>>> print(open('input-v5.cif').read())   # mmCIF, C-alpha atoms
data_upload
loop_
_atom_site.label_atom_id
_atom_site.label_comp_id
_atom_site.auth_asym_id
_atom_site.auth_seq_id
_atom_site.Cartn_x
_atom_site.Cartn_y
_atom_site.Cartn_z
CA MET A 17 172.42 124.90 179.73
CA LEU A 18 174.73 123.92 176.87
CA GLN A 19 178.05 125.33 175.83
CA ASP A 20 179.23 124.45 172.36
CA GLY A 21 182.76 123.50 173.32
CA ASP A 22 181.55 120.95 175.83
CA ILE A 23 178.88 119.17 173.85
CA HIS A 24 179.59 116.26 171.60
CA VAL A 25 177.70 116.71 168.36
CA LEU A 26 176.50 113.33 167.07
CA GLY A 27 176.44 112.15 163.49
CA ARG A 28 173.37 110.61 161.87
CA GLN A 29 174.26 106.99 162.49
CA ALA A 30 175.13 107.58 166.13
CA CYS A 31 171.79 109.36 166.55
CA LEU A 32 169.82 106.50 165.01
CA ARG A 33 171.61 103.96 167.22
CA LEU A 34 170.65 105.94 170.32
CA LEU A 35 167.02 106.14 169.19
CA GLY A 36 167.01 102.37 169.18
CA GLU A 37 167.73 102.35 172.94
CA VAL A 38 164.53 103.98 174.20
CA PRO A 39 160.88 102.98 173.76
CA VAL A 40 159.29 106.41 174.06
CA GLY A 41 159.88 109.70 172.32
CA ARG A 42 157.94 112.89 171.84
CA VAL A 43 156.31 114.15 168.67
CA VAL A 44 156.44 117.93 168.34
CA TYR A 45 153.93 119.61 166.07
CA THR A 46 151.63 122.57 165.66
CA ARG A 47 148.02 122.38 166.80
CA GLN A 48 145.66 125.32 166.36
CA ALA A 49 148.69 127.55 165.75
CA LEU A 50 150.31 126.61 169.08
CA PRO A 51 153.32 124.39 169.76
CA ALA A 52 152.19 120.93 170.84
CA VAL A 53 154.02 117.85 172.12
CA LEU A 54 152.92 114.32 172.86
CA PRO A 55 154.92 111.36 174.19
CA VAL A 56 154.49 108.27 172.02
CA SER A 57 155.93 104.78 171.68
CA PHE A 58 157.86 104.41 168.45
CA ARG A 59 160.16 102.26 166.37
CA LEU A 60 162.87 103.11 163.92
CA ASP A 61 162.04 101.74 160.49
CA GLY A 62 165.40 101.05 158.91
CA ASP A 63 167.41 104.25 158.99
CA ALA A 64 165.00 106.35 156.99
CA SER A 65 162.05 106.97 159.26
CA VAL A 66 160.46 106.79 162.68
CA VAL A 67 157.07 105.10 163.03
CA LEU A 68 154.50 105.92 165.72
CA GLY A 69 151.19 104.24 166.49
CA THR A 70 148.06 106.14 167.40
CA SER A 71 144.30 105.90 167.06
CA ALA A 72 142.65 106.87 163.79
CA GLY A 73 140.43 109.52 165.34
CA SER A 74 143.10 111.22 167.41
CA ASP A 75 143.93 114.90 167.28
CA LEU A 76 147.49 113.88 166.58
CA VAL A 77 146.64 112.21 163.28
CA ARG A 78 144.60 115.18 162.08
CA ALA A 79 147.31 117.64 163.09
CA VAL A 80 150.36 115.92 161.65
CA ASP A 81 149.33 114.09 158.47
CA GLY A 82 151.29 115.79 155.70
CA ALA A 83 152.98 118.28 158.03
CA VAL A 84 156.61 118.69 158.96
CA VAL A 85 157.08 117.62 162.56
CA ALA A 86 159.94 117.01 164.96
CA PHE A 87 160.44 113.85 166.99
CA GLU A 88 162.67 113.89 170.05
CA ALA A 89 164.10 111.29 172.39
CA ASP A 90 166.64 111.55 175.16
CA GLU A 91 168.13 110.08 178.29
CA PHE A 92 169.64 112.14 181.09
CA ASP A 93 171.30 111.26 184.38
CA ALA A 94 170.57 113.88 187.03
CA VAL A 95 173.45 112.72 189.22
CA THR A 96 176.26 112.85 186.65
CA HIS A 97 174.68 115.58 184.50
CA SER A 98 175.33 113.42 181.47
CA GLY A 99 173.04 112.27 178.71
CA TRP A 100 172.03 112.55 175.11
CA SER A 101 169.22 113.87 172.95
CA VAL A 102 168.28 113.23 169.34
CA VAL A 103 165.82 115.15 167.15
CA VAL A 104 164.41 113.82 163.88
CA THR A 105 162.67 116.39 161.68
CA GLY A 106 160.70 115.56 158.59
CA ARG A 107 157.32 115.17 156.99
CA ALA A 108 154.76 112.94 158.70
CA THR A 109 152.33 110.76 156.76
CA VAL A 110 149.71 108.26 157.82
CA VAL A 111 150.47 104.76 156.55
CA THR A 112 147.58 103.81 154.25
CA ASP A 113 148.99 100.82 152.37
CA PRO A 114 147.31 97.69 153.83
CA ALA A 115 150.39 95.48 153.45
CA GLU A 116 152.58 98.08 155.11
CA HIS A 117 150.03 98.49 157.93
CA GLU A 118 150.02 94.73 158.46
CA ARG A 119 153.82 94.62 158.55
CA LEU A 120 153.95 97.42 161.10
CA SER A 121 151.28 95.72 163.21
CA ARG A 122 153.71 92.83 163.52
CA CYS A 123 157.05 94.66 163.68
CA GLY A 124 156.24 98.23 164.52
CA PRO A 125 155.93 100.12 167.80
CA ASP A 126 154.31 98.47 170.80
CA SER A 127 150.99 99.85 171.86
CA TRP A 128 150.96 100.81 175.53
CA MET A 129 147.18 100.99 175.60
CA PRO A 130 144.59 98.85 173.83
CA VAL A 131 143.71 100.71 170.61
CA HIS A 132 141.06 99.23 168.34
CA ASP A 133 141.47 101.60 165.40
CA ARG A 134 145.23 101.80 165.27
CA VAL A 135 147.01 103.71 162.55
CA PHE A 136 150.69 104.26 162.02
CA VAL A 137 152.33 107.59 161.30
CA ARG A 138 155.67 107.64 159.55
CA ILE A 139 158.06 110.54 160.09
CA ALA A 140 160.73 110.75 157.40
CA ALA A 141 164.17 111.18 158.95
CA GLU A 142 165.05 114.08 156.65
CA LEU A 143 167.12 115.87 159.27
CA VAL A 144 168.68 113.98 162.20
CA THR A 145 170.63 115.86 164.85
CA GLY A 146 171.89 114.88 168.26
CA ARG A 147 174.17 115.82 171.09
CA ARG A 148 175.78 114.18 174.07
CA LEU A 149 176.63 115.82 177.37
CA PRO A 150 179.69 114.16 178.86
CA GLY A 151 178.68 114.92 182.43
CA GLY A 152 180.92 115.33 185.39
CA GLY A 153 178.94 118.28 186.72
CA MET B 6 149.06 104.90 171.93
CA LEU B 7 146.44 106.42 174.24
CA GLN B 8 142.76 105.63 174.68
CA ASP B 9 140.70 108.17 176.52
CA GLY B 10 138.94 105.74 178.82
CA ASP B 11 142.19 104.35 180.13
CA ILE B 12 144.14 107.52 180.76
CA HIS B 13 143.93 109.43 183.99
CA VAL B 14 143.66 113.13 183.22
CA LEU B 15 145.56 115.15 185.82
CA GLY B 16 144.54 118.45 187.36
CA ARG B 17 146.83 121.47 187.54
CA GLN B 18 148.15 120.86 191.05
CA ALA B 19 148.90 117.21 190.36
CA CYS B 20 150.75 118.24 187.20
CA LEU B 21 152.87 120.81 189.01
CA ARG B 22 153.76 118.27 191.72
CA LEU B 23 154.96 115.84 189.07
CA LEU B 24 157.07 118.53 187.40
CA GLY B 25 158.87 118.91 190.71
CA GLU B 26 160.07 115.30 190.46
CA VAL B 27 162.27 115.55 187.37
CA PRO B 28 165.26 117.77 186.62
CA VAL B 29 164.98 117.94 182.85
CA GLY B 30 162.16 118.86 180.51
CA ARG B 31 161.87 119.89 176.91
CA VAL B 32 161.03 123.30 175.55
CA VAL B 33 158.99 123.16 172.34
CA TYR B 34 159.01 126.17 170.07
CA THR B 35 159.13 127.34 166.49
CA ARG B 36 162.44 128.09 164.81
CA GLN B 37 162.61 129.28 161.22
CA ALA B 38 159.00 128.17 160.77
CA LEU B 39 159.79 124.57 161.82
CA PRO B 40 158.88 122.77 165.04
CA ALA B 41 161.89 122.70 167.37
CA VAL B 42 162.56 121.02 170.71
CA LEU B 43 165.41 121.24 173.19
CA PRO B 44 165.96 119.43 176.49
CA VAL B 45 166.75 121.83 179.33
CA SER B 46 167.17 121.77 183.08
CA PHE B 47 164.41 123.70 184.81
CA ARG B 48 162.76 124.65 188.07
CA LEU B 49 159.18 125.42 188.93
CA ASP B 50 158.87 128.95 190.27
CA GLY B 51 155.97 128.78 192.68
CA ASP B 52 152.98 127.44 190.79
CA ALA B 53 152.85 130.14 188.15
CA SER B 54 155.81 129.50 185.90
CA VAL B 55 158.67 127.29 184.80
CA VAL B 56 162.18 128.76 184.67
CA LEU B 57 164.94 127.56 182.35
CA GLY B 58 168.58 128.61 182.18
CA THR B 59 170.44 129.14 178.92
CA SER B 60 173.22 131.25 177.45
CA ALA B 61 172.47 134.81 176.34
CA GLY B 62 173.59 134.24 172.78
CA SER B 63 171.73 131.00 172.20
CA ASP B 64 169.30 130.35 169.37
CA LEU B 65 166.80 129.36 172.03
CA VAL B 66 166.71 132.81 173.59
CA ARG B 67 166.26 134.53 170.26
CA ALA B 68 163.53 132.14 169.18
CA VAL B 69 161.40 132.11 172.33
CA ASP B 70 161.56 135.54 173.94
CA GLY B 71 158.01 136.87 173.77
CA ALA B 72 156.64 133.78 172.03
CA VAL B 73 154.15 131.19 173.20
CA VAL B 74 155.98 127.93 173.80
CA ALA B 75 155.24 124.53 175.29
CA PHE B 76 157.30 122.83 177.97
CA GLU B 77 157.02 119.09 178.50
CA ALA B 78 158.28 116.63 181.07
CA ASP B 79 157.52 112.97 181.59
CA GLU B 80 158.55 109.66 183.09
CA PHE B 81 157.75 106.29 181.56
CA ASP B 82 158.44 102.72 182.60
CA ALA B 83 158.98 100.50 179.56
CA VAL B 84 158.36 97.33 181.57
CA THR B 85 155.02 98.22 183.15
CA HIS B 86 153.92 100.58 180.36
CA SER B 87 153.05 103.14 182.99
CA GLY B 88 154.02 106.76 183.34
CA TRP B 89 152.98 110.35 183.21
CA SER B 90 153.47 113.44 181.09
CA VAL B 91 152.82 117.11 181.76
CA VAL B 92 152.73 120.00 179.29
CA VAL B 93 152.90 123.65 180.30
CA THR B 94 151.96 126.15 177.58
CA GLY B 95 152.43 129.88 177.88
CA ARG B 96 154.40 132.94 176.89
CA ALA B 97 158.16 132.88 177.40
CA THR B 98 160.12 135.94 178.49
CA VAL B 99 163.77 136.50 179.31
CA VAL B 100 164.29 137.61 182.90
CA THR B 101 165.83 141.08 182.76
CA ASP B 102 165.32 142.34 186.31
CA PRO B 103 168.72 142.17 188.04
CA ALA B 104 167.31 141.27 191.45
CA GLU B 105 165.20 138.51 189.93
CA HIS B 106 168.22 137.23 187.99
CA GLU B 107 170.25 137.13 191.18
CA ARG B 108 167.51 135.26 193.02
CA LEU B 109 167.28 132.68 190.21
CA SER B 110 171.06 132.29 190.16
CA ARG B 111 170.77 131.15 193.76
CA CYS B 112 167.45 129.24 193.68
CA GLY B 113 166.76 128.51 190.06
CA PRO B 114 167.59 125.61 187.74
CA ASP B 115 170.98 123.94 187.99
CA SER B 116 173.29 124.46 185.09
CA TRP B 117 174.55 121.17 183.65
CA MET B 118 177.33 122.89 181.77
CA PRO B 119 179.46 125.89 182.71
CA VAL B 120 177.76 128.94 181.19
CA HIS B 121 179.39 132.33 181.61
CA ASP B 122 176.61 134.46 180.16
CA ARG B 123 173.65 132.77 181.77
CA VAL B 124 170.14 134.13 181.31
CA PHE B 125 166.87 132.77 182.61
CA VAL B 126 163.73 132.28 180.56
CA ARG B 127 160.39 132.23 182.34
CA ILE B 128 157.47 130.33 180.81
CA ALA B 129 154.15 131.39 182.27
CA ALA B 130 152.08 128.35 183.24
CA GLU B 131 148.98 129.65 181.47
CA LEU B 132 147.79 126.19 180.47
CA VAL B 133 148.88 123.09 182.37
CA THR B 134 147.74 119.65 181.24
CA GLY B 135 148.84 116.16 182.15
CA ARG B 136 147.97 112.52 181.96
CA ARG B 137 148.94 109.31 183.67
CA LEU B 138 149.05 105.85 182.13
CA PRO B 139 148.24 103.26 184.76
CA GLY B 140 150.28 100.52 183.08
CA GLY B 141 149.77 96.83 183.32
CA GLY B 142 150.51 96.29 179.64
#
>>> encode(input="input-v5.cif", output="structure tokens")
Amino acid sequence: MLQDGDIHVLGRQACLRLLGEVPVGRVVYTRQALPAVLPVSFRLDGDASVVLGTSAGSDLVRAVDGAVVAFEADEFDAVTHSGWSVVVTGRATVVTDPAEHERLSRCGPDSWMPVHDRVFVRIAAELVTGRRLPGGG
Amino acid sequence: MLQDGDIHVLGRQACLRLLGEVPVGRVVYTRQALPAVLPVSFRLDGDASVVLGTSAGSDLVRAVDGAVVAFEADEFDAVTHSGWSVVVTGRATVVTDPAEHERLSRCGPDSWMPVHDRVFVRIAAELVTGRRLPGGG
């Protein structure tokens, strides 16, 4: 699909700005030795991490706490064949500090479903890569 | 984000129908022992596999040929908090049969960038799962 000479490689700051434009991304992890992926609502927390919300008993929490995961977001236009994608890779940790949890409950990602036992997972933005397709196809 | 009682779990046929509605999905794989993800244009091939196009020399081809991968597609509405996601998991193989390659060049996924050494990767739809969020949030 992609040819190096035609893709615009994005720097870290450009990638983080784009992440701020979409409400949903996808967390990519390993579950029972297989590749797994789950769409989640998220927020950037400064420029150092991505924060997701999930329920305390979820498979996701068990699978990712302490593991290196990828987090992806994108937007594509099927008419112009243009768009962008950003991938954040880094270690995921469940937020356990009560003050931090309270702050994220106020300022963190929206919950799209009522969740009574909400926890937040922070993915450190250790590696941030992105690309833009200029379109015109 | 998701609470089991509020999510509609989708059967295989419903999932495959939804995959037919979007031009881009994301292939999820392992690269150098880390989770990796790449948006790609794709087509369903009947109801047994998903076909992607890429360039013969790409990292993607080297990483996925013969491996079990996941393929994800979704659509979400940030206003209504509704949407759906589908994940296909199965073994990926590069299409090597010349007649099959020719057929896919005519009927397979669009290429969003000019690619002179195009190969197709088939992901067997061994496991197909999906969910719908009804929204209203």
>>> interface_residues(input="input-v5.cif", of="chain B", to="chain A", cutoff="7 Å", atoms="only C-alpha atoms", output="ChimeraX atom specification")
/B:6-8,28,33-34,40-41,45-46,58-60,74-75,83,86,116-118,120,142
>>> resolve_selection(input="input-v5.cif", expression="the PyMOL selection byres ((chain A and resi 28) around 8)", output="MDAnalysis selection string")
chainID A and resid 26:27 29:32 144:146
>>> closest_residue(input="input-v5.cif", among="A:Leu34, A:His24, A:Ala83, A:Arg47", to="Ala140 (chain A)", atoms="all atoms listed in the file")
A:Ala83
>>> residues_near_point(input="input-v5.cif", point="(155.3, 123.2, 195.2)", cutoff="9 Å", atoms="all atoms listed in the file", output="number ranges by chain")
B: 18, 21-22, 25, 49-52
>>> atom_distance(input="input-v5.cif", atom1="CA of His106 (chain B)", atom2="CA of Gly30 (chain B)")
20.7 Å
